[in-house]
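Novice: Provided below: query_23.cif, containing mmCIF, C-alpha atoms.
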```cif
data_run
#
loop_
_atom_site.label_atom_id
_atom_site.label_comp_id
_atom_site.auth_asym_id
_atom_site.auth_seq_id
_atom_site.Cartn_x
_atom_site.Cartn_y
_atom_site.Cartn_z
CA MET H 261 -7.59 -3.57 33.92
CA ILE H 262 -7.39 -7.36 33.62
CA LEU H 263 -11.05 -7.57 32.67
CA GLU H 264 -10.53 -4.93 29.96
CA LEU H 265 -7.59 -6.88 28.54
CA ILE H 266 -9.68 -10.06 28.50
CA ARG H 267 -12.47 -8.16 26.78
CA MET H 268 -10.12 -6.77 24.13
CA ALA H 269 -8.65 -10.24 23.56
CA ALA H 270 -12.15 -11.67 23.09
CA VAL H 271 -13.05 -8.99 20.53
CA PHE H 272 -9.71 -9.60 18.78
CA LEU H 273 -10.48 -13.32 18.51
CA LEU H 274 -13.99 -12.53 17.27
CA HIS H 275 -12.46 -10.58 14.39
CA PHE H 276 -10.27 -13.51 13.46
CA LEU H 277 -13.16 -15.94 13.68
CA ALA H 278 -14.99 -13.78 11.13
CA PHE H 279 -11.91 -13.60 8.87
CA LEU H 280 -11.22 -17.32 9.17
CA SER H 281 -14.83 -18.24 8.44
CA LEU H 282 -15.11 -16.16 5.27
CA GLY H 283 -11.69 -17.32 4.11
CA THR H 284 -12.58 -20.96 4.76
CA LEU H 285 -15.69 -20.73 2.60
CA LEU H 286 -13.74 -19.13 -0.24
CA LEU H 287 -10.89 -21.63 -0.10
CA LYS H 288 -13.36 -24.51 0.08
CA ALA H 289 -14.99 -23.20 -3.08
CA SER H 290 -11.67 -23.57 -4.90
CA ARG H 291 -10.66 -27.11 -5.77
CA LYS H 292 -7.05 -26.21 -6.54
CA GLU H 293 -6.16 -24.07 -3.51
CA THR H 294 -4.36 -25.73 -0.62
CA PHE H 295 -6.12 -24.90 2.63
CA THR H 296 -4.08 -23.34 5.43
CA LEU H 297 -5.33 -21.42 8.42
CA SER H 298 -3.08 -18.44 7.70
CA LEU H 299 -4.18 -18.14 4.06
CA ALA H 300 -7.83 -18.50 5.10
CA VAL H 301 -7.43 -15.61 7.56
CA ILE H 302 -5.75 -13.42 4.92
CA VAL H 303 -8.35 -14.09 2.23
CA GLY H 304 -11.15 -13.76 4.77
CA TYR H 305 -9.80 -10.41 5.95
CA PHE H 306 -10.16 -8.84 2.50
CA ALA H 307 -13.44 -10.63 1.83
CA TYR H 308 -14.81 -9.33 5.13
CA PHE H 309 -14.09 -5.67 4.39
CA ALA H 310 -15.24 -6.09 0.78
CA LEU H 311 -18.54 -7.41 2.15
CA PHE H 312 -18.75 -4.61 4.70
CA GLU H 313 -18.31 -2.01 1.93
CA LEU H 314 -21.11 -3.58 -0.11
CA VAL H 315 -23.44 -3.62 2.90
CA ALA H 316 -22.58 -0.26 4.48
CA LEU H 317 -22.26 2.06 1.48
CA PRO H 318 -25.89 1.75 0.29
CA MET H 319 -27.05 2.27 3.88
CA ILE H 320 -25.17 5.57 4.11
CA PHE H 321 -26.96 7.00 1.09
CA THR H 322 -30.35 5.64 2.14
CA TYR H 323 -29.93 7.18 5.62
CA ARG H 324 -30.14 3.91 7.55
CA SER H 325 -29.15 3.81 11.20
CA LEU H 326 -26.03 2.27 12.71
CA GLY H 327 -28.34 -0.07 14.61
CA PHE H 328 -29.78 -1.39 11.34
CA LEU H 329 -26.30 -1.84 9.86
CA THR H 330 -25.21 -3.68 13.01
CA MET H 331 -28.19 -6.03 12.83
CA VAL H 332 -27.65 -6.83 9.14
CA MET H 333 -23.90 -7.45 9.52
CA ALA H 334 -24.42 -9.51 12.69
CA VAL H 335 -26.94 -11.75 10.92
CA LEU H 336 -24.74 -12.10 7.82
CA MET H 337 -21.63 -12.99 9.79
CA SER H 338 -23.54 -15.41 12.03
CA VAL H 339 -24.66 -17.28 8.92
CA VAL H 340 -21.11 -17.21 7.52
CA ILE H 341 -19.55 -18.49 10.75
CA LEU H 342 -22.16 -21.25 11.08
CA ALA H 343 -21.60 -22.33 7.46
CA ALA H 344 -17.83 -22.30 7.95
CA VAL H 345 -18.06 -24.42 11.09
CA ILE H 346 -20.23 -26.97 9.27
CA LEU H 347 -18.18 -27.07 6.06
CA GLY H 348 -14.70 -26.41 7.40
CA GLY H 349 -14.73 -27.34 11.08
CA LYS H 350 -13.03 -30.67 10.46
CA GLU H 351 -10.35 -28.93 8.42
CA TRP H 352 -9.73 -26.51 11.29
CA LEU H 353 -9.32 -29.38 13.76
CA ARG H 354 -6.99 -31.23 11.40
CA ARG H 355 -4.79 -28.19 10.98
CA ILE H 356 -4.73 -27.57 14.74
CA LYS H 357 -3.63 -31.18 15.32
CA GLU H 358 -0.83 -30.68 12.80
CA ALA H 359 0.36 -27.53 14.58
CA PRO H 360 3.09 -29.23 16.70
CA ARG H 361 4.71 -30.71 13.58
CA VAL H 362 4.48 -27.41 11.69
CA LEU H 363 5.94 -25.48 14.61
CA ALA H 364 8.79 -27.96 14.84
CA ASP H 365 9.62 -27.29 11.16
CA HIS H 366 10.21 -23.64 12.00
CA SER H 367 12.82 -24.64 14.60
CA TRP H 368 14.54 -21.80 16.50
CA MET H 369 13.48 -19.21 13.91
CA LEU H 370 9.99 -19.42 15.37
CA LEU H 371 11.25 -17.53 18.42
CA LEU H 372 12.53 -14.64 16.30
CA LEU H 373 9.34 -14.66 14.24
CA ALA H 374 7.14 -14.56 17.34
CA ALA H 375 9.26 -11.79 18.86
CA ALA H 376 9.01 -9.66 15.69
CA VAL H 377 5.24 -10.07 15.41
CA LEU H 378 4.56 -9.49 19.10
CA PHE H 379 6.77 -6.40 19.09
CA GLN H 380 4.80 -4.94 16.18
CA CYS H 381 1.48 -5.73 17.86
CA TYR H 382 2.69 -4.04 21.04
CA ALA H 383 3.98 -1.01 19.13
CA VAL H 384 0.75 -0.37 17.25
CA ALA H 385 -1.26 -0.72 20.46
CA VAL H 386 0.90 1.66 22.50
CA TYR H 387 2.40 4.22 20.11
CA TYR H 388 0.04 5.99 17.75
CA ASP H 389 -0.33 9.20 15.81
CA THR H 390 -2.67 12.02 16.92
CA SER H 391 -3.05 13.94 13.66
CA ALA H 392 -6.24 15.30 12.10
CA ASP H 393 -6.66 12.04 10.20
CA ALA H 394 -6.44 10.14 13.46
CA ALA H 395 -9.15 12.35 14.94
CA TYR H 396 -11.37 11.61 11.95
CA TYR H 397 -11.12 7.81 12.20
CA VAL H 398 -12.18 7.82 15.84
CA GLY H 399 -14.52 10.82 15.63
CA ILE H 400 -16.65 9.58 12.74
CA ALA H 401 -17.14 6.22 14.48
CA ASN H 402 -17.99 7.91 17.78
CA THR H 403 -20.60 10.17 16.22
CA ALA H 404 -22.12 7.13 14.50
CA VAL H 405 -22.40 5.30 17.83
CA TYR H 406 -23.84 8.18 19.83
CA THR H 407 -26.24 9.46 17.16
CA ASP H 408 -27.16 6.06 15.65
CA THR H 409 -26.48 7.43 12.17
CA LEU H 410 -23.96 6.87 9.39
CA GLN H 411 -21.65 9.78 8.47
CA LYS H 412 -24.33 12.45 9.02
CA TYR H 413 -22.45 14.36 11.73
CA SER H 414 -19.07 16.06 11.73
CA PRO H 415 -16.39 13.93 13.41
CA TYR H 416 -14.61 17.12 14.55
CA THR H 417 -17.46 19.20 16.01
CA GLY H 418 -20.40 16.83 16.30
CA ALA H 419 -22.58 19.23 14.29
CA ALA H 420 -25.02 17.89 11.71
CA LEU H 421 -23.64 17.91 8.18
CA GLY H 422 -25.49 19.41 5.24
CA ARG H 423 -23.74 17.10 2.81
CA PHE H 424 -21.58 14.02 3.02
CA MET H 425 -17.82 14.56 3.09
CA ILE H 426 -16.67 13.71 -0.43
CA ARG H 427 -13.20 12.71 0.70
CA TYR H 428 -14.42 10.05 3.12
CA VAL H 429 -18.00 9.01 2.36
CA PHE H 430 -17.15 6.15 -0.01
CA SER H 431 -14.71 4.52 2.43
CA CYS H 432 -16.66 2.67 5.12
CA PHE H 433 -13.78 1.31 7.21
CA PRO H 434 -14.29 3.73 10.14
CA LEU H 435 -17.93 2.62 10.35
CA HIS H 436 -16.70 -0.91 10.94
CA ASN H 437 -15.27 0.27 14.25
CA ALA H 438 -18.65 1.82 15.06
CA PHE H 439 -20.36 -1.45 14.16
CA VAL H 440 -18.09 -3.49 16.45
CA SER H 441 -18.47 -0.94 19.25
CA ARG H 442 -22.25 -1.11 18.95
CA LEU H 443 -22.26 -4.91 18.72
CA VAL H 444 -20.05 -5.76 21.70
CA GLY H 445 -20.12 -2.53 23.73
CA ILE H 446 -16.39 -1.80 23.52
CA PRO H 447 -15.38 1.91 23.36
CA VAL H 448 -14.66 3.10 19.84
CA ILE H 449 -11.18 4.41 20.65
CA ILE H 450 -10.14 1.01 22.04
CA GLN H 451 -11.63 -0.85 19.09
CA ALA H 452 -10.00 1.47 16.54
CA LYS H 453 -6.60 2.18 18.05
CA THR H 454 -5.93 -1.08 19.88
CA VAL H 455 -8.00 -4.06 18.77
CA MET H 456 -8.21 -3.25 15.05
CA ALA H 457 -4.66 -1.92 14.88
CA VAL H 458 -3.27 -5.12 16.43
CA ALA H 459 -5.45 -7.25 14.15
CA ASN H 460 -4.10 -5.35 11.14
CA ALA H 461 -0.52 -5.86 12.28
CA PHE H 462 -1.08 -9.58 12.73
CA VAL H 463 -2.67 -10.01 9.30
CA ALA H 464 0.10 -7.92 7.71
CA ASN H 465 2.70 -10.35 9.01
CA LEU H 466 0.68 -13.31 7.77
CA ILE H 467 0.78 -11.75 4.29
CA TYR H 468 4.54 -11.20 4.56
CA TYR H 469 4.93 -14.85 5.52
CA GLN H 470 2.90 -15.99 2.50
CA ILE H 471 5.08 -13.80 0.27
CA GLY H 472 8.07 -15.62 1.73
CA ARG H 473 6.48 -18.97 0.92
CA CYS H 474 6.14 -17.82 -2.71
CA LEU H 475 9.69 -16.50 -2.92
CA PHE H 476 11.22 -19.62 -1.36
CA PRO H 477 9.06 -22.54 -2.59
CA GLY H 478 10.03 -25.98 -1.40
CA LYS H 479 12.56 -24.63 1.07
CA SER H 480 12.57 -24.73 4.85
CA ARG H 481 9.99 -22.65 6.72
CA LYS H 482 12.93 -20.76 8.23
CA TRP H 483 13.29 -18.65 5.06
CA PRO H 484 9.79 -17.13 5.17
CA ASP H 485 10.29 -16.62 8.91
CA LEU H 486 13.51 -14.77 8.23
CA LEU H 487 11.79 -12.57 5.63
CA VAL H 488 9.17 -11.49 8.19
CA VAL H 489 11.90 -10.64 10.70
CA PHE H 490 13.91 -8.67 8.10
CA LEU H 491 10.81 -6.70 7.08
CA CYS H 492 10.21 -5.84 10.72
CA VAL H 493 13.77 -4.53 11.05
CA ILE H 494 13.52 -2.57 7.79
CA ASN H 495 10.24 -0.98 8.85
CA LEU H 496 11.83 0.06 12.14
CA PHE H 497 14.20 2.31 10.19
CA CYS H 498 11.41 3.97 8.21
CA ASP H 499 11.44 7.22 10.16
CA THR H 500 9.66 9.60 7.78
CA ILE H 501 5.95 10.01 7.08
CA TYR H 502 6.53 8.96 3.47
CA GLN H 503 7.51 5.37 4.24
CA PRO H 504 5.23 2.44 5.13
CA GLY H 505 7.10 1.60 8.34
CA THR H 506 5.94 4.79 10.03
CA PHE H 507 2.35 3.98 9.12
CA LEU H 508 2.84 0.39 10.27
CA PHE H 509 4.05 1.25 13.74
CA THR H 510 2.06 4.41 14.50
CA ARG H 511 -1.01 4.69 12.23
CA LEU H 512 -2.21 1.18 11.45
CA TYR H 513 -5.79 2.02 12.42
CA GLU H 514 -5.98 4.40 9.42
CA GLY H 515 -7.12 3.33 5.97
CA LYS H 516 -4.08 4.62 4.09
CA ALA H 517 -1.78 2.70 6.43
CA ILE H 518 -3.69 -0.49 5.64
CA LEU H 519 -3.24 0.22 1.93
CA ALA H 520 0.52 0.53 2.35
CA ASN H 521 1.07 -2.40 4.69
CA LEU H 522 -1.63 -4.92 3.76
CA VAL H 523 -3.23 -4.15 0.39
CA LEU H 524 -0.05 -3.59 -1.61
CA PRO H 525 1.73 -6.62 -0.08
CA MET H 526 -1.37 -8.69 -0.89
CA ILE H 527 -1.17 -7.50 -4.50
CA LEU H 528 2.50 -8.54 -4.52
CA TYR H 529 1.53 -11.97 -3.19
CA CYS H 530 -1.10 -12.35 -5.92
CA ALA H 531 1.42 -11.22 -8.55
CA LEU H 532 3.92 -13.86 -7.43
CA ARG H 533 1.20 -16.50 -7.63
CA LEU H 534 0.13 -15.32 -11.10
CA TYR H 535 3.67 -15.38 -12.46
CA ARG H 536 3.93 -18.96 -11.23
CA ASP H 537 0.56 -19.99 -12.70
CA ASP H 538 -1.43 -17.37 -14.61
CA GLY H 539 -4.26 -19.87 -15.08
CA ASP H 540 -5.05 -20.03 -11.36
CA LYS H 541 -8.51 -18.45 -11.28
CA ILE H 542 -8.70 -18.11 -7.49
CA ILE H 543 -5.91 -15.49 -7.58
CA TRP H 544 -8.13 -13.19 -9.62
CA VAL H 545 -10.78 -13.55 -6.93
CA TYR H 546 -8.20 -12.52 -4.34
CA LEU H 547 -7.24 -9.48 -6.41
CA PHE H 548 -10.85 -8.43 -6.89
CA LEU H 549 -11.59 -8.72 -3.16
CA CYS H 550 -8.37 -6.88 -2.35
CA ASN H 551 -9.33 -3.94 -4.57
CA LEU H 552 -12.90 -3.81 -3.25
CA ALA H 553 -11.58 -3.87 0.31
CA ALA H 554 -9.11 -1.11 -0.64
CA VAL H 555 -12.08 1.13 -1.51
CA CYS H 556 -13.49 0.39 1.94
CA PHE H 557 -10.21 1.36 3.61
CA SER H 558 -9.41 4.70 1.97
CA GLY H 559 -9.98 7.02 -0.95
CA THR H 560 -6.31 6.52 -1.72
CA ALA H 561 -7.39 3.11 -3.05
CA VAL H 562 -6.41 4.27 -6.53
CA ILE H 563 -2.86 3.26 -5.61
CA ALA H 564 -4.06 -0.36 -5.59
CA ALA H 565 -5.09 0.02 -9.24
CA PHE H 566 -1.55 1.08 -10.12
CA GLY H 567 -0.20 -1.83 -8.09
CA CYS H 568 -2.41 -4.31 -9.95
CA SER H 569 -1.44 -2.77 -13.27
CA ALA H 570 2.26 -2.99 -12.45
CA ALA H 571 1.80 -6.66 -11.62
CA VAL H 572 -0.52 -7.79 -14.40
CA VAL H 573 0.21 -5.66 -17.49
CA PRO H 574 3.83 -6.93 -17.87
CA LEU H 575 2.48 -10.48 -17.49
CA ILE H 576 -0.02 -9.90 -20.30
CA LEU H 577 2.57 -8.33 -22.60
CA LEU H 578 5.58 -10.56 -21.91
CA ARG H 579 3.64 -13.82 -22.10
CA ARG H 580 1.18 -12.54 -24.71
CA ARG H 581 -1.77 -13.58 -22.58
CA LEU H 582 -4.41 -11.23 -23.94
CA ARG H 583 -7.11 -13.37 -22.33
CA LEU H 584 -5.86 -12.12 -18.95
CA ALA H 585 -7.04 -8.62 -19.85
CA VAL H 586 -10.63 -9.58 -19.03
CA PRO H 587 -10.08 -10.63 -15.38
CA TYR H 588 -7.63 -7.74 -15.02
CA VAL H 589 -10.32 -5.20 -16.00
CA ILE H 590 -12.86 -6.92 -13.74
CA CYS H 591 -10.43 -6.66 -10.81
CA LEU H 592 -10.17 -2.91 -11.40
CA LEU H 593 -13.95 -2.37 -11.47
CA PRO H 594 -14.32 -1.57 -7.73
CA ILE H 595 -11.72 1.19 -7.92
CA GLY H 596 -13.06 2.37 -11.28
CA CYS H 597 -16.58 2.69 -9.85
CA TRP H 598 -15.23 4.55 -6.81
CA PHE H 599 -13.26 6.95 -9.02
CA ALA H 600 -16.28 7.58 -11.28
CA ALA H 601 -18.52 8.32 -8.28
CA TYR H 602 -15.92 10.62 -6.76
CA TYR H 603 -15.44 12.48 -10.04
CA LEU H 604 -19.19 12.89 -10.59
CA ALA H 605 -19.59 14.19 -7.05
CA LYS H 606 -16.67 16.55 -7.51
CA ILE H 607 -18.16 18.16 -10.64
CA GLY H 608 -21.62 18.30 -9.11
CA LYS H 609 -23.26 15.56 -11.19
CA LEU H 610 -23.74 13.36 -8.12
CA SER H 611 -25.36 15.05 -5.16
CA LEU H 612 -23.95 14.39 -1.71
CA ALA H 613 -26.53 16.60 0.03
CA ILE H 614 -28.07 15.03 3.12
CA THR H 615 -31.86 15.26 2.85
CA GLY H 616 -32.96 12.45 5.14
#
```
Please express what this file holds, its structure, as structure tokens.

Specialist:
Amino acid sequence: MILELIRMAAVFLLHFLAFLSLGTLLLKASRKETFTLSLAVIVGYFAYFALFELVALPMIFTYRSLGFLTMVMAVLMSVVILAAVILGGKEWLRRIKEAPRVLADHSWMLLLLAAAVLFQCYAVAVYYDTSADAAYYVGIANTAVYTDTLQKYSPYTGAALGRFMIRYVFSCFPLHNAFVSRLVGIPVIIQAKTVMAVANAFVANLIYYQIGRCLFPGKSRKWPDLLVVFLCVINLFCDTIYQPGTFLFTRLYEGKAILANLVLPMILYCALRLYRDDGDKIIWVYLFLCNLAAVCFSGTAVIAAFGCSAAVVPLILLRRRLRLAVPYVICLLPIGCWFAAYYLAKIGKLSLAITG
């Protein structure tokens, strides 16, 4: 039992090393962005799943094996981590040395913040939904691992499919769990329902904290801490399947739950940043990566397009910034491409038959 917990903790930290590394490279590329470890993890999280979508989706339709996908992603992430250590290692050490001072700024609120985050991580690891969707997210990853294929077998019966499932084929997030399982040898169900769910909960709270920093600029760190705690309490009282709190506490290993609890809050964070400075180009990069990652998470990614529109269109109209229409359209391209492919497949113009 103890060895399994250590193993899960190691895989959890490996995820965050990947997120931190990608985020570090992106933040380093921006001259205006202030580097923080939490922001690097957040940005790296969306960049990681955007990258995974770009790598995995072509492999599905070219009938590549899970082993080949694992090798390619392992090589890519090894290069990314090495580059991040070389270019950002000193920044990591500097931030770690500053940690005691930063923690002292939080004062006693840090205890409440830690309790709220740890409670959520415990909840998502212990209490989870067992619906048909839940069976799919574990089943499709398991069939990928045991058949060394990508979405060619039914996650419910294990039988070979004659055509890809139109509802799921464009969203590669479940294959990420198969990739990690193949890479480190951890069972898919543990990776999906424990390690990844806890990682999602942790990143979600980092996003909430960054939203607090935007809402309370220049104030004590206690205010963002308090916002995270309040959101935890509010989500606890979301007791229907139509509210994000239920997805947060019981279904955070599912793509649609990530959309509700990470993607939409990230769009809100970007919107707050844009309203403060609509000339900050790095925010558009964040939005683009967020939307591309949304496609990876779930076919319900179209909701992210509405979220971006609700954030950006009023900004364009109220401030008469027509030039912002160009980056806005570019940010919507990932979801637009997904919708076009889905529509073409639905009307039979794009074949999803499996011939390889």

Novice: Counting all atoms listed in the file, what are the residues of range 523-555 of chain H within 12 Å of range 313-322 of chain H, and for each of them which pair of atoms is the nearest and at what distance in Å, to one decimal? Sort the table by chain and rising number, as CSV.

Specialist:
```
residue,atom,partner,partner_atom,distance
H:Leu549,CA,H:Glu313,CA,10.8
H:Cys550,CA,H:Glu313,CA,11.9
H:Asn551,CA,H:Glu313,CA,11.3
H:Leu552,CA,H:Glu313,CA,7.7
H:Ala553,CA,H:Glu313,CA,7.2
H:Ala554,CA,H:Glu313,CA,9.6
H:Val555,CA,H:Glu313,CA,7.8
```

Novice: To test your reading of the syntax: which residues would the PyMOL selection byres ((chain H and resi 373-375) around 8) return for the file shown? Reply as a list in words.

Specialist: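 For this structure, the PyMOL selection byres ((chain H and resi 373-375) around 8) resolves to Met369, Leu370, Leu371, Leu372, Ala376, Val377, Leu378, Phe379, Asp485, Leu486, Val488 and Val489 of chain H.
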
Novice: Would you kindly identify which residues have an atom no farther than 12 Å from (-22.0, 16.0, 12.7), using all atoms listed in the file and the file's own coordinates, and write them out as an MDAnalysis selection string?

Specialist: chainID H and resid 396 399:425 614

Novice: Check the smallest atom-to-atom distance from each of H:Ala565, H:Met526, H:Leu435, H:Leu353 to Cys597 in chain H using only C-alpha atoms, then report the winner.

Specialist: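 That would be H:Ala565, the residue with the smallest distance to Cys597 in chain H.
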
Novice: Which residue is closest to Met333 in chain H? Choose from H:Val271, H:Val440, H:Val362, H:Ile501 and count all atoms listed in the file.

Specialist: H:Val440

Novice: Can you spell out as an NGL selection string the set of residues that the PyMOL selection byres ((chain H and resi 591) around 7) selects in the structure I just provided?

Specialist: :H and (547-548 or 551 or 587-590 or 592-593)

Novice: For the point (-1.3, -7.4, -1.3) in the file's frame, write as a list of chain:residue names all residues with an atom no more than 10 Å away, counting only C-alpha atoms.

Specialist: H:Ile302, H:Phe306, H:Ala464, H:Ile467, H:Tyr468, H:Ile471, H:Leu519, H:Ala520, H:Asn521, H:Leu522, H:Val523, H:Leu524, H:Pro525, H:Met526, H:Ile527, H:Leu528, H:Tyr529, H:Cys530, H:Ala531, H:Tyr546, H:Leu547, H:Cys550, H:Asn551, H:Ala564, H:Gly567, H:Cys568

Novice: Using the chain letters and numbers from the file, which residues does the PyMOL selection byres ((chain H and resi 393) around 12) grab, as a list of chain:residue names?

Specialist: H:Tyr388, H:Asp389, H:Thr390, H:Ser391, H:Ala392, H:Ala394, H:Ala395, H:Tyr396, H:Tyr397, H:Val398, H:Gly399, H:Ile400, H:Pro415, H:Tyr416, H:Arg427, H:Tyr428, H:Pro434, H:Arg511, H:Leu512, H:Tyr513, H:Glu514, H:Gly515, H:Lys516, H:Ala517, H:Ser558

Novice: I'd like the neighbourhood of Met268 in chain H as JSON, numbers by chain, where a residue qualifies if any of its atoms comes within 12 Å (using only C-alpha atoms), though same-chain residues fewer than 2 positions away should be ignored.

Specialist: {"H": [261, 262, 263, 264, 265, 266, 270, 271, 272, 273, 274, 275, 385, 440, 441, 444, 445, 446, 447, 448, 449, 450, 451, 452, 453, 454, 455, 456, 457, 458, 459]}

Novice: Give the answer as one residue: which of H:Ala600, H:Ala585, H:Leu329, H:Leu534 has the shortest atom-to-atom distance to Ala571 in chain H, using all atoms listed in the file?

Specialist: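 Distance minimum relative to Ala571 in chain H lands on H:Leu534.
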
Novice: Could you check which of H:Phe312, H:Ile542, H:Gly608, H:Ile341 is closest to Ala278 in chain H, using all atoms listed in the file?

Specialist: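 Smallest separation from Ala278 in chain H among the options: H:Ile341.
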
Novice: Quick one: pull the distance between CA of Asn465 in chain H and CA of Cys381 in chain H, Å, one decimal.

Specialist: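 CA of Asn465 in chain H sits 10.1 Å away from CA of Cys381 in chain H.
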
Novice: To one decimal place in Å, what is the distance between CA of Lys609 in chain H and CA of Val429 in chain H?

Specialist: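 Atom-to-atom, CA of Lys609 in chain H to CA of Val429 in chain H, that is 15.9 Å.
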
Novice: Point out the residue among H:Gly283, H:Gly505, H:Gly596, H:Gly348 with the least atom-to-atom distance to Ala561 in chain H, counting all atoms listed in the file.

Specialist: H:Gly596

Novice: Measuring atom to atom with only C-alpha atoms, identify which of H:Leu282, H:Val586, H:Val545, H:Leu508 is nearest to Ala343 in chain H.

Specialist: H:Leu282
